[in-house]
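**Student:** Sharing query02.txt below, compact mmCIF, N, CA and C atoms:
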# COMPACT_ATOMS: atom_id res chain seq x y z
N MET G 1 -33.17 91.93 -7.84
CA MET G 1 -33.86 90.72 -8.15
C MET G 1 -33.54 89.61 -7.16
N VAL G 2 -32.42 89.72 -6.53
CA VAL G 2 -32.04 88.73 -5.54
C VAL G 2 -32.99 88.82 -4.36
N ASN G 3 -33.41 89.97 -4.02
CA ASN G 3 -34.33 90.15 -2.90
C ASN G 3 -35.67 89.50 -3.18
N ILE G 4 -36.11 89.51 -4.40
CA ILE G 4 -37.39 88.91 -4.76
C ILE G 4 -37.31 87.39 -4.61
N GLY G 5 -36.18 86.79 -5.02
CA GLY G 5 -36.01 85.33 -4.90
C GLY G 5 -35.96 84.88 -3.46
N VAL G 6 -35.29 85.64 -2.60
CA VAL G 6 -35.22 85.29 -1.17
C VAL G 6 -36.59 85.44 -0.54
N GLU G 7 -37.29 86.48 -0.96
CA GLU G 7 -38.62 86.71 -0.41
C GLU G 7 -39.57 85.60 -0.83
N GLN G 8 -39.46 85.16 -2.08
CA GLN G 8 -40.31 84.06 -2.55
C GLN G 8 -39.95 82.75 -1.85
N ASP G 9 -38.66 82.52 -1.62
CA ASP G 9 -38.25 81.31 -0.89
C ASP G 9 -38.82 81.32 0.54
N ALA G 10 -38.79 82.47 1.16
CA ALA G 10 -39.30 82.58 2.52
C ALA G 10 -40.79 82.28 2.57
N ARG G 11 -41.53 82.78 1.56
CA ARG G 11 -42.97 82.51 1.50
C ARG G 11 -43.23 81.03 1.24
N MET G 12 -42.46 80.45 0.34
CA MET G 12 -42.66 79.05 0.00
C MET G 12 -42.34 78.13 1.17
N SER G 13 -41.31 78.46 1.90
CA SER G 13 -40.95 77.60 3.03
C SER G 13 -42.00 77.70 4.13
N SER G 14 -42.68 78.82 4.23
CA SER G 14 -43.71 78.93 5.26
C SER G 14 -45.00 78.23 4.81
N VAL G 15 -45.20 78.11 3.52
CA VAL G 15 -46.39 77.45 3.01
C VAL G 15 -46.17 75.94 2.95
N PHE G 16 -45.03 75.51 2.46
CA PHE G 16 -44.74 74.09 2.33
C PHE G 16 -43.83 73.66 3.46
N HIS G 17 -44.23 72.66 4.18
CA HIS G 17 -43.45 72.18 5.31
C HIS G 17 -42.40 71.19 4.82
N SER G 18 -41.36 71.09 5.58
CA SER G 18 -40.31 70.15 5.23
C SER G 18 -40.80 68.72 5.49
N GLN G 19 -40.09 67.74 4.96
CA GLN G 19 -40.46 66.34 5.10
C GLN G 19 -40.39 65.90 6.58
N ASP G 20 -39.43 66.40 7.32
CA ASP G 20 -39.28 66.03 8.73
C ASP G 20 -40.45 66.54 9.57
N SER G 21 -40.84 67.78 9.33
CA SER G 21 -41.96 68.31 10.10
C SER G 21 -43.27 67.60 9.74
N PHE G 22 -43.39 67.13 8.51
CA PHE G 22 -44.58 66.39 8.09
C PHE G 22 -44.66 65.05 8.83
N LYS G 23 -43.52 64.36 8.97
CA LYS G 23 -43.51 63.08 9.66
C LYS G 23 -43.83 63.25 11.14
N GLU G 24 -43.34 64.34 11.75
CA GLU G 24 -43.65 64.59 13.15
C GLU G 24 -45.14 64.81 13.34
N GLN G 25 -45.76 65.56 12.46
CA GLN G 25 -47.19 65.82 12.57
C GLN G 25 -47.99 64.54 12.31
N GLN G 26 -47.53 63.74 11.38
CA GLN G 26 -48.25 62.52 11.04
C GLN G 26 -48.23 61.55 12.22
N CYS G 27 -47.12 61.43 12.90
CA CYS G 27 -47.03 60.52 14.04
C CYS G 27 -47.75 61.04 15.26
N ALA G 28 -47.88 62.36 15.36
CA ALA G 28 -48.45 62.95 16.56
C ALA G 28 -49.96 63.10 16.50
N ARG G 29 -50.58 62.81 15.39
CA ARG G 29 -52.02 63.06 15.31
C ARG G 29 -52.79 61.99 16.08
N ALA G 30 -53.93 62.38 16.53
CA ALA G 30 -54.77 61.48 17.34
C ALA G 30 -55.50 60.51 16.42
N LEU G 31 -55.71 59.32 16.92
CA LEU G 31 -56.44 58.31 16.17
C LEU G 31 -57.93 58.55 16.31
N SER G 32 -58.65 58.20 15.27
CA SER G 32 -60.10 58.35 15.35
C SER G 32 -60.67 57.17 16.14
N SER G 33 -61.92 57.27 16.54
CA SER G 33 -62.52 56.21 17.34
C SER G 33 -62.62 54.92 16.56
N SER G 34 -62.83 54.99 15.25
CA SER G 34 -62.91 53.76 14.46
C SER G 34 -61.53 53.11 14.34
N ALA G 35 -60.49 53.93 14.30
CA ALA G 35 -59.14 53.37 14.23
C ALA G 35 -58.78 52.70 15.55
N LEU G 36 -59.30 53.24 16.65
CA LEU G 36 -59.03 52.62 17.94
C LEU G 36 -59.60 51.22 18.01
N GLY G 37 -60.81 51.05 17.53
CA GLY G 37 -61.45 49.75 17.58
C GLY G 37 -60.77 48.74 16.69
N ARG G 38 -60.37 49.16 15.52
CA ARG G 38 -59.75 48.21 14.58
C ARG G 38 -58.32 47.89 14.97
N ALA G 39 -57.61 48.84 15.50
CA ALA G 39 -56.21 48.62 15.81
C ALA G 39 -56.02 47.93 17.15
N GLY G 40 -57.06 47.88 17.97
CA GLY G 40 -56.93 47.27 19.27
C GLY G 40 -56.23 48.15 20.26
N VAL G 41 -56.10 49.42 19.94
CA VAL G 41 -55.42 50.36 20.82
C VAL G 41 -56.48 51.12 21.59
N GLY G 42 -56.21 51.41 22.80
CA GLY G 42 -57.16 52.21 23.56
C GLY G 42 -57.36 51.62 24.93
N MET G 43 -58.26 52.22 25.67
CA MET G 43 -58.51 51.78 27.03
C MET G 43 -59.31 50.48 27.00
N LEU G 44 -59.09 49.66 28.01
CA LEU G 44 -59.87 48.44 28.15
C LEU G 44 -61.29 48.79 28.57
N PRO G 45 -62.27 48.02 28.13
CA PRO G 45 -63.63 48.32 28.56
C PRO G 45 -63.79 48.06 30.06
N ALA G 46 -64.67 48.79 30.64
CA ALA G 46 -64.90 48.64 32.08
C ALA G 46 -65.59 47.31 32.34
N PRO G 47 -65.10 46.52 33.27
CA PRO G 47 -65.75 45.23 33.55
C PRO G 47 -67.08 45.44 34.24
N VAL G 48 -68.04 44.61 33.90
CA VAL G 48 -69.36 44.68 34.51
C VAL G 48 -69.44 43.54 35.53
N ILE G 49 -69.56 43.89 36.77
CA ILE G 49 -69.63 42.89 37.83
C ILE G 49 -71.04 42.93 38.40
N ILE G 50 -71.75 41.85 38.19
CA ILE G 50 -73.11 41.75 38.70
C ILE G 50 -73.05 40.90 39.95
N ASP G 51 -73.31 41.51 41.07
CA ASP G 51 -73.23 40.81 42.34
C ASP G 51 -74.56 40.93 43.06
N HIS G 52 -75.61 40.54 42.36
CA HIS G 52 -76.93 40.60 42.96
C HIS G 52 -77.16 39.33 43.76
N ASP G 53 -77.67 39.48 44.93
CA ASP G 53 -78.01 38.32 45.74
C ASP G 53 -79.53 38.26 45.78
N THR G 54 -80.13 37.90 44.64
CA THR G 54 -81.57 37.83 44.57
C THR G 54 -82.06 36.63 45.35
N ALA G 55 -83.36 36.54 45.52
CA ALA G 55 -83.93 35.42 46.26
C ALA G 55 -83.65 34.10 45.57
N ASP G 56 -83.69 34.10 44.23
CA ASP G 56 -83.41 32.87 43.48
C ASP G 56 -81.99 32.39 43.75
N VAL G 57 -81.04 33.30 43.68
CA VAL G 57 -79.64 32.94 43.91
C VAL G 57 -79.43 32.51 45.35
N ALA G 58 -80.09 33.17 46.27
CA ALA G 58 -79.93 32.86 47.69
C ALA G 58 -80.44 31.45 48.01
N VAL G 59 -81.58 31.07 47.45
CA VAL G 59 -82.11 29.74 47.77
C VAL G 59 -81.27 28.65 47.11
N VAL G 60 -80.78 28.90 45.91
CA VAL G 60 -79.91 27.91 45.25
C VAL G 60 -78.61 27.76 46.04
N LYS G 61 -78.08 28.87 46.53
CA LYS G 61 -76.86 28.82 47.34
C LYS G 61 -77.12 28.05 48.64
N ALA G 62 -78.28 28.28 49.27
CA ALA G 62 -78.62 27.57 50.50
C ALA G 62 -78.77 26.07 50.25
N ILE G 63 -79.36 25.71 49.12
CA ILE G 63 -79.51 24.29 48.77
C ILE G 63 -78.14 23.66 48.55
N ASN G 64 -77.29 24.34 47.81
CA ASN G 64 -75.95 23.80 47.55
C ASN G 64 -75.14 23.68 48.84
N ASP G 65 -75.25 24.67 49.73
CA ASP G 65 -74.54 24.61 51.00
C ASP G 65 -75.03 23.44 51.85
N ALA G 66 -76.35 23.21 51.85
CA ALA G 66 -76.91 22.10 52.63
C ALA G 66 -76.43 20.76 52.07
N LEU G 67 -76.41 20.64 50.75
CA LEU G 67 -75.94 19.40 50.15
C LEU G 67 -74.45 19.20 50.41
N GLN G 68 -73.70 20.27 50.36
CA GLN G 68 -72.27 20.19 50.61
C GLN G 68 -71.99 19.76 52.06
N ALA G 69 -72.82 20.24 52.98
CA ALA G 69 -72.65 19.89 54.39
C ALA G 69 -73.22 18.51 54.69
N GLY G 70 -74.04 17.99 53.78
CA GLY G 70 -74.65 16.68 54.01
C GLY G 70 -75.77 16.73 55.03
N SER G 71 -76.48 17.86 55.07
CA SER G 71 -77.52 18.06 56.07
C SER G 71 -78.89 18.12 55.40
N LEU G 72 -79.69 17.10 55.66
CA LEU G 72 -81.05 17.10 55.10
C LEU G 72 -81.94 18.10 55.82
N SER G 73 -81.67 18.38 57.09
CA SER G 73 -82.48 19.36 57.81
C SER G 73 -82.25 20.77 57.25
N LYS G 74 -81.00 21.10 56.90
CA LYS G 74 -80.73 22.40 56.27
C LYS G 74 -81.36 22.49 54.89
N LEU G 75 -81.36 21.38 54.16
CA LEU G 75 -81.99 21.34 52.85
C LEU G 75 -83.49 21.58 52.98
N HIS G 76 -84.11 20.93 53.95
CA HIS G 76 -85.55 21.12 54.18
C HIS G 76 -85.84 22.55 54.63
N GLN G 77 -84.96 23.10 55.45
CA GLN G 77 -85.14 24.47 55.93
C GLN G 77 -85.07 25.47 54.76
N ALA G 78 -84.13 25.27 53.85
CA ALA G 78 -84.01 26.16 52.68
C ALA G 78 -85.28 26.08 51.83
N TRP G 79 -85.79 24.87 51.64
CA TRP G 79 -87.01 24.70 50.85
C TRP G 79 -88.21 25.33 51.55
N ALA G 80 -88.32 25.12 52.88
CA ALA G 80 -89.45 25.65 53.64
C ALA G 80 -89.44 27.18 53.65
N GLU G 81 -88.28 27.78 53.78
CA GLU G 81 -88.19 29.25 53.75
C GLU G 81 -88.59 29.79 52.39
N TRP G 82 -88.22 29.09 51.32
CA TRP G 82 -88.58 29.50 49.96
C TRP G 82 -90.09 29.45 49.78
N ILE G 83 -90.72 28.37 50.21
CA ILE G 83 -92.16 28.22 50.06
C ILE G 83 -92.92 29.19 50.96
N SER G 84 -92.44 29.39 52.19
CA SER G 84 -93.12 30.30 53.11
C SER G 84 -93.04 31.75 52.66
N ALA G 85 -92.08 32.07 51.80
CA ALA G 85 -91.96 33.43 51.27
C ALA G 85 -92.98 33.69 50.16
N GLY G 86 -93.78 32.68 49.84
CA GLY G 86 -94.82 32.85 48.83
C GLY G 86 -94.40 32.45 47.43
N ASN G 87 -93.28 31.79 47.31
CA ASN G 87 -92.80 31.35 46.01
C ASN G 87 -93.37 29.97 45.70
N ALA G 88 -93.48 29.67 44.43
CA ALA G 88 -94.08 28.39 44.04
C ALA G 88 -93.02 27.29 44.00
N ASP G 89 -92.29 27.20 42.95
CA ASP G 89 -91.30 26.14 42.78
C ASP G 89 -89.90 26.67 43.04
N VAL G 90 -89.03 25.76 43.41
CA VAL G 90 -87.62 26.12 43.60
C VAL G 90 -87.05 26.47 42.24
N PRO G 91 -86.21 27.52 42.14
CA PRO G 91 -85.71 27.97 40.83
C PRO G 91 -84.63 27.06 40.25
N LEU G 92 -84.97 25.80 40.03
CA LEU G 92 -84.06 24.84 39.41
C LEU G 92 -84.78 24.20 38.25
N ASN G 93 -84.04 23.87 37.21
CA ASN G 93 -84.66 23.15 36.11
C ASN G 93 -84.79 21.68 36.49
N ASN G 94 -85.42 20.88 35.65
CA ASN G 94 -85.69 19.48 35.99
C ASN G 94 -84.42 18.68 36.24
N ARG G 95 -83.41 18.92 35.43
CA ARG G 95 -82.16 18.18 35.58
C ARG G 95 -81.49 18.51 36.92
N GLU G 96 -81.43 19.80 37.26
CA GLU G 96 -80.83 20.21 38.53
C GLU G 96 -81.63 19.69 39.72
N LEU G 97 -82.96 19.73 39.61
CA LEU G 97 -83.81 19.23 40.68
C LEU G 97 -83.62 17.73 40.87
N ASN G 98 -83.47 17.00 39.78
CA ASN G 98 -83.22 15.57 39.86
C ASN G 98 -81.89 15.29 40.57
N LYS G 99 -80.87 16.08 40.26
CA LYS G 99 -79.56 15.91 40.92
C LYS G 99 -79.68 16.17 42.42
N VAL G 100 -80.44 17.19 42.80
CA VAL G 100 -80.63 17.50 44.22
C VAL G 100 -81.35 16.34 44.91
N GLN G 101 -82.38 15.80 44.26
CA GLN G 101 -83.12 14.68 44.86
C GLN G 101 -82.22 13.45 45.02
N GLN G 102 -81.43 13.15 44.01
CA GLN G 102 -80.53 11.99 44.09
C GLN G 102 -79.50 12.18 45.20
N ARG G 103 -78.98 13.38 45.30
CA ARG G 103 -77.98 13.66 46.34
C ARG G 103 -78.60 13.58 47.72
N ALA G 104 -79.85 14.05 47.86
CA ALA G 104 -80.54 13.98 49.14
C ALA G 104 -80.79 12.52 49.54
N VAL G 105 -81.13 11.70 48.58
CA VAL G 105 -81.34 10.27 48.87
C VAL G 105 -80.02 9.65 49.34
N ARG G 106 -78.93 9.96 48.65
CA ARG G 106 -77.63 9.41 49.05
C ARG G 106 -77.23 9.86 50.45
N ILE G 107 -77.53 11.12 50.78
CA ILE G 107 -77.22 11.63 52.12
C ILE G 107 -78.06 10.89 53.16
N GLY G 108 -79.35 10.70 52.87
CA GLY G 108 -80.22 9.98 53.80
C GLY G 108 -79.78 8.54 54.00
N VAL G 109 -79.40 7.87 52.93
CA VAL G 109 -78.91 6.49 53.03
C VAL G 109 -77.63 6.45 53.86
N TRP G 110 -76.75 7.41 53.65
CA TRP G 110 -75.50 7.44 54.41
C TRP G 110 -75.77 7.60 55.90
N HIS G 111 -76.69 8.55 56.24
CA HIS G 111 -77.02 8.76 57.66
C HIS G 111 -77.64 7.50 58.26
N LEU G 112 -78.52 6.83 57.51
CA LEU G 112 -79.16 5.62 58.00
C LEU G 112 -78.15 4.50 58.20
N ARG G 113 -77.23 4.34 57.29
CA ARG G 113 -76.18 3.32 57.44
C ARG G 113 -75.30 3.60 58.65
N GLU G 114 -74.95 4.88 58.85
CA GLU G 114 -74.13 5.24 60.01
C GLU G 114 -74.86 4.91 61.32
N ALA G 115 -76.16 5.20 61.36
CA ALA G 115 -76.93 4.91 62.58
C ALA G 115 -77.06 3.41 62.79
N MET G 116 -77.25 2.66 61.72
CA MET G 116 -77.38 1.21 61.85
C MET G 116 -76.06 0.57 62.28
N SER G 117 -74.95 1.06 61.77
CA SER G 117 -73.66 0.48 62.13
C SER G 117 -73.28 0.80 63.58
N SER G 118 -73.79 1.91 64.10
CA SER G 118 -73.51 2.25 65.50
C SER G 118 -74.49 1.57 66.45
N ARG G 119 -75.50 0.90 65.90
CA ARG G 119 -76.53 0.18 66.66
C ARG G 119 -77.29 1.12 67.60
N ASP G 120 -77.44 2.37 67.15
CA ASP G 120 -78.20 3.36 67.93
C ASP G 120 -79.66 3.28 67.49
N VAL G 121 -80.47 2.56 68.28
CA VAL G 121 -81.87 2.30 67.91
C VAL G 121 -82.66 3.60 67.87
N ALA G 122 -82.41 4.50 68.79
CA ALA G 122 -83.15 5.76 68.83
C ALA G 122 -82.86 6.60 67.58
N ARG G 123 -81.62 6.62 67.17
CA ARG G 123 -81.24 7.39 65.97
C ARG G 123 -81.86 6.78 64.72
N VAL G 124 -81.87 5.45 64.63
CA VAL G 124 -82.49 4.78 63.47
C VAL G 124 -83.98 5.10 63.44
N ARG G 125 -84.63 5.03 64.61
CA ARG G 125 -86.07 5.33 64.68
C ARG G 125 -86.33 6.78 64.25
N GLU G 126 -85.47 7.71 64.68
CA GLU G 126 -85.60 9.13 64.32
C GLU G 126 -85.46 9.33 62.81
N LEU G 127 -84.50 8.67 62.21
CA LEU G 127 -84.28 8.79 60.76
C LEU G 127 -85.42 8.20 59.96
N VAL G 128 -85.94 7.08 60.41
CA VAL G 128 -87.08 6.45 59.71
C VAL G 128 -88.31 7.34 59.80
N GLN G 129 -88.53 7.97 60.96
CA GLN G 129 -89.65 8.89 61.10
C GLN G 129 -89.47 10.10 60.20
N ALA G 130 -88.26 10.58 60.07
CA ALA G 130 -87.99 11.75 59.20
C ALA G 130 -88.28 11.41 57.74
N VAL G 131 -88.01 10.18 57.34
CA VAL G 131 -88.26 9.77 55.97
C VAL G 131 -89.77 9.60 55.74
N ASP G 132 -90.48 9.10 56.72
CA ASP G 132 -91.92 8.87 56.57
C ASP G 132 -92.70 10.17 56.47
N VAL G 133 -92.17 11.26 57.01
CA VAL G 133 -92.88 12.53 56.97
C VAL G 133 -92.84 13.04 55.59
Once you've parsed the file, please lay out its structure as structure tokens.
**Tutor:**
Amino acid sequence: MVNIGVEQDARMSSVFHSQDSFKEQQCARALSSSALGRAGVGMLPAPVIIDHDTADVAVVKAINDALQAGSLSKLHQAWAEWISAGNADVPLNNRELNKVQQRAVRIGVWHLREAMSSRDVARVRELVQAVDV
């Protein structure tokens, strides 16, 4: 009868796992995809970098560069290239367009004041003609 008890113990131990082996299995199991999202564990999402240089972005960049340089001729060139490409209006909303116009006026006034203070009559005449066009 002792053999039967040992045999039954051997069967039971193979069917029922010990507490230690249960904890090892519990810690080693993989998380489900829903658990990953809720727990904040997992790989970071891939960043999406949009680096399109469309015509709209290019003309706005050219306008900003011209204003930054303080060059009304570059500003006019950017506008002329946009219109000659068959586009209608510059891709700016009314507020942005108003800011560009105000900045262009300030640049023109600055150039005119510089020419007047240097008493360069030819330069003043050139600037006045540019404004009249």
**Student:** So, counting only C-alpha atoms, which residue among G:Thr54, G:Val105, G:Val48, G:Ala88 is closest to G:Leu75?
**Tutor:**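 When distances to G:Leu75 are compared using only C-alpha atoms, the smallest one comes from G:Val105.
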**Student:** Report the distance between atom C of G:Lys61 and atom CA of G:Trp110 in Å, rounded to one decimal place.
**Tutor:**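 It comes out at 21.5 Å.
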**Student:** Would you compute the box with edges along x, y and z of the file around stretch 77-88 of chain G, including every atom the file lists for it and 3 Å extra on each side, and give its centre and edge lengths in Å to one decimal, as AutoDock Vina command-line options?
**Tutor:**
--center_x -89.4 --center_y 28.4 --center_z 50.0 --size_x 16.8 --size_y 16.6 --size_z 17.9
**Student:** At what distance in Å, to one decimal, does atom CA of G:Ala78 lie from atom CA of G:Ala66?
**Tutor:**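 Atom-to-atom, atom CA of G:Ala66 to atom CA of G:Ala78, that is 8.2 Å.
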**Student:** DSSP on the backbone: which residues in stretch 41-100 of chain G end up as helix (DSSP H, G or I)? Give the answer as a VMD selection string.
**Tutor:** chain G and resid 55 to 69 72 to 84 94 to 100
**Student:** Record the distance separating atom CA of G:Asp65 and atom N of G:Gln102, expressed in Å with one decimal.
**Tutor:**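 Pair atom CA of G:Asp65 / atom N of G:Gln102 returns 15.1 Å.
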**Student:** Name the residues in contact with G:Asn64 at a cut-off of 12 Å, using only C-alpha atoms, excluding same-chain residues fewer than 6 positions from it; report them as a list in words.
**Tutor:** Val57, Ala58, Gly70, Ser71, Leu72, Lys74, Leu75, His76, Ala78, Trp79, Leu92, Glu96, Leu97, Lys99, Val100, Gln101, Arg103 and Ala104 of chain G
**Student:** Selected residues, N, CA and C atoms, written as a PDB file, in the coordinates of the input, please.
**Tutor:**
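Below you can see part21.pdb, which holds the result:
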ATOM      1  N   VAL G  57     -81.040  33.300  43.680  1.00  0.00           N
ATOM      2  CA  VAL G  57     -79.640  32.940  43.910  1.00  0.00           C
ATOM      3  C   VAL G  57     -79.430  32.510  45.350  1.00  0.00           C
ATOM      4  N   ALA G  58     -80.090  33.170  46.270  1.00  0.00           N
ATOM      5  CA  ALA G  58     -79.930  32.860  47.690  1.00  0.00           C
ATOM      6  C   ALA G  58     -80.440  31.450  48.010  1.00  0.00           C
ATOM      7  N   GLY G  70     -74.040  17.990  53.780  1.00  0.00           N
ATOM      8  CA  GLY G  70     -74.650  16.680  54.010  1.00  0.00           C
ATOM      9  C   GLY G  70     -75.770  16.730  55.030  1.00  0.00           C
ATOM     10  N   SER G  71     -76.480  17.860  55.070  1.00  0.00           N
ATOM     11  CA  SER G  71     -77.520  18.060  56.070  1.00  0.00           C
ATOM     12  C   SER G  71     -78.890  18.120  55.400  1.00  0.00           C
ATOM     13  N   LEU G  72     -79.690  17.100  55.660  1.00  0.00           N
ATOM     14  CA  LEU G  72     -81.050  17.100  55.100  1.00  0.00           C
ATOM     15  C   LEU G  72     -81.940  18.100  55.820  1.00  0.00           C
ATOM     16  N   LYS G  74     -81.000  21.100  56.900  1.00  0.00           N
ATOM     17  CA  LYS G  74     -80.730  22.400  56.270  1.00  0.00           C
ATOM     18  C   LYS G  74     -81.360  22.490  54.890  1.00  0.00           C
ATOM     19  N   LEU G  75     -81.360  21.380  54.160  1.00  0.00           N
ATOM     20  CA  LEU G  75     -81.990  21.340  52.850  1.00  0.00           C
ATOM     21  C   LEU G  75     -83.490  21.580  52.980  1.00  0.00           C
ATOM     22  N   HIS G  76     -84.110  20.930  53.950  1.00  0.00           N
ATOM     23  CA  HIS G  76     -85.550  21.120  54.180  1.00  0.00           C
ATOM     24  C   HIS G  76     -85.840  22.550  54.630  1.00  0.00           C
ATOM     25  N   ALA G  78     -84.130  25.270  53.850  1.00  0.00           N
ATOM     26  CA  ALA G  78     -84.010  26.160  52.680  1.00  0.00           C
ATOM     27  C   ALA G  78     -85.280  26.080  51.830  1.00  0.00           C
ATOM     28  N   TRP G  79     -85.790  24.870  51.640  1.00  0.00           N
ATOM     29  CA  TRP G  79     -87.010  24.700  50.850  1.00  0.00           C
ATOM     30  C   TRP G  79     -88.210  25.330  51.550  1.00  0.00           C
ATOM     31  N   LEU G  92     -84.970  25.800  40.030  1.00  0.00           N
ATOM     32  CA  LEU G  92     -84.060  24.840  39.410  1.00  0.00           C
ATOM     33  C   LEU G  92     -84.780  24.200  38.250  1.00  0.00           C
ATOM     34  N   GLU G  96     -81.430  19.800  37.260  1.00  0.00           N
ATOM     35  CA  GLU G  96     -80.830  20.210  38.530  1.00  0.00           C
ATOM     36  C   GLU G  96     -81.630  19.690  39.720  1.00  0.00           C
ATOM     37  N   LEU G  97     -82.960  19.730  39.610  1.00  0.00           N
ATOM     38  CA  LEU G  97     -83.810  19.230  40.680  1.00  0.00           C
ATOM     39  C   LEU G  97     -83.620  17.730  40.870  1.00  0.00           C
ATOM     40  N   LYS G  99     -80.870  16.080  40.260  1.00  0.00           N
ATOM     41  CA  LYS G  99     -79.560  15.910  40.920  1.00  0.00           C
ATOM     42  C   LYS G  99     -79.680  16.170  42.420  1.00  0.00           C
ATOM     43  N   VAL G 100     -80.440  17.190  42.800  1.00  0.00           N
ATOM     44  CA  VAL G 100     -80.630  17.500  44.220  1.00  0.00           C
ATOM     45  C   VAL G 100     -81.350  16.340  44.910  1.00  0.00           C
ATOM     46  N   GLN G 101     -82.380  15.800  44.260  1.00  0.00           N
ATOM     47  CA  GLN G 101     -83.120  14.680  44.860  1.00  0.00           C
ATOM     48  C   GLN G 101     -82.220  13.450  45.020  1.00  0.00           C
ATOM     49  N   ARG G 103     -78.980  13.380  45.300  1.00  0.00           N
ATOM     50  CA  ARG G 103     -77.980  13.660  46.340  1.00  0.00           C
ATOM     51  C   ARG G 103     -78.600  13.580  47.720  1.00  0.00           C
ATOM     52  N   ALA G 104     -79.850  14.050  47.860  1.00  0.00           N
ATOM     53  CA  ALA G 104     -80.540  13.980  49.140  1.00  0.00           C
ATOM     54  C   ALA G 104     -80.790  12.520  49.540  1.00  0.00           C
TER      55      ALA G 104
END
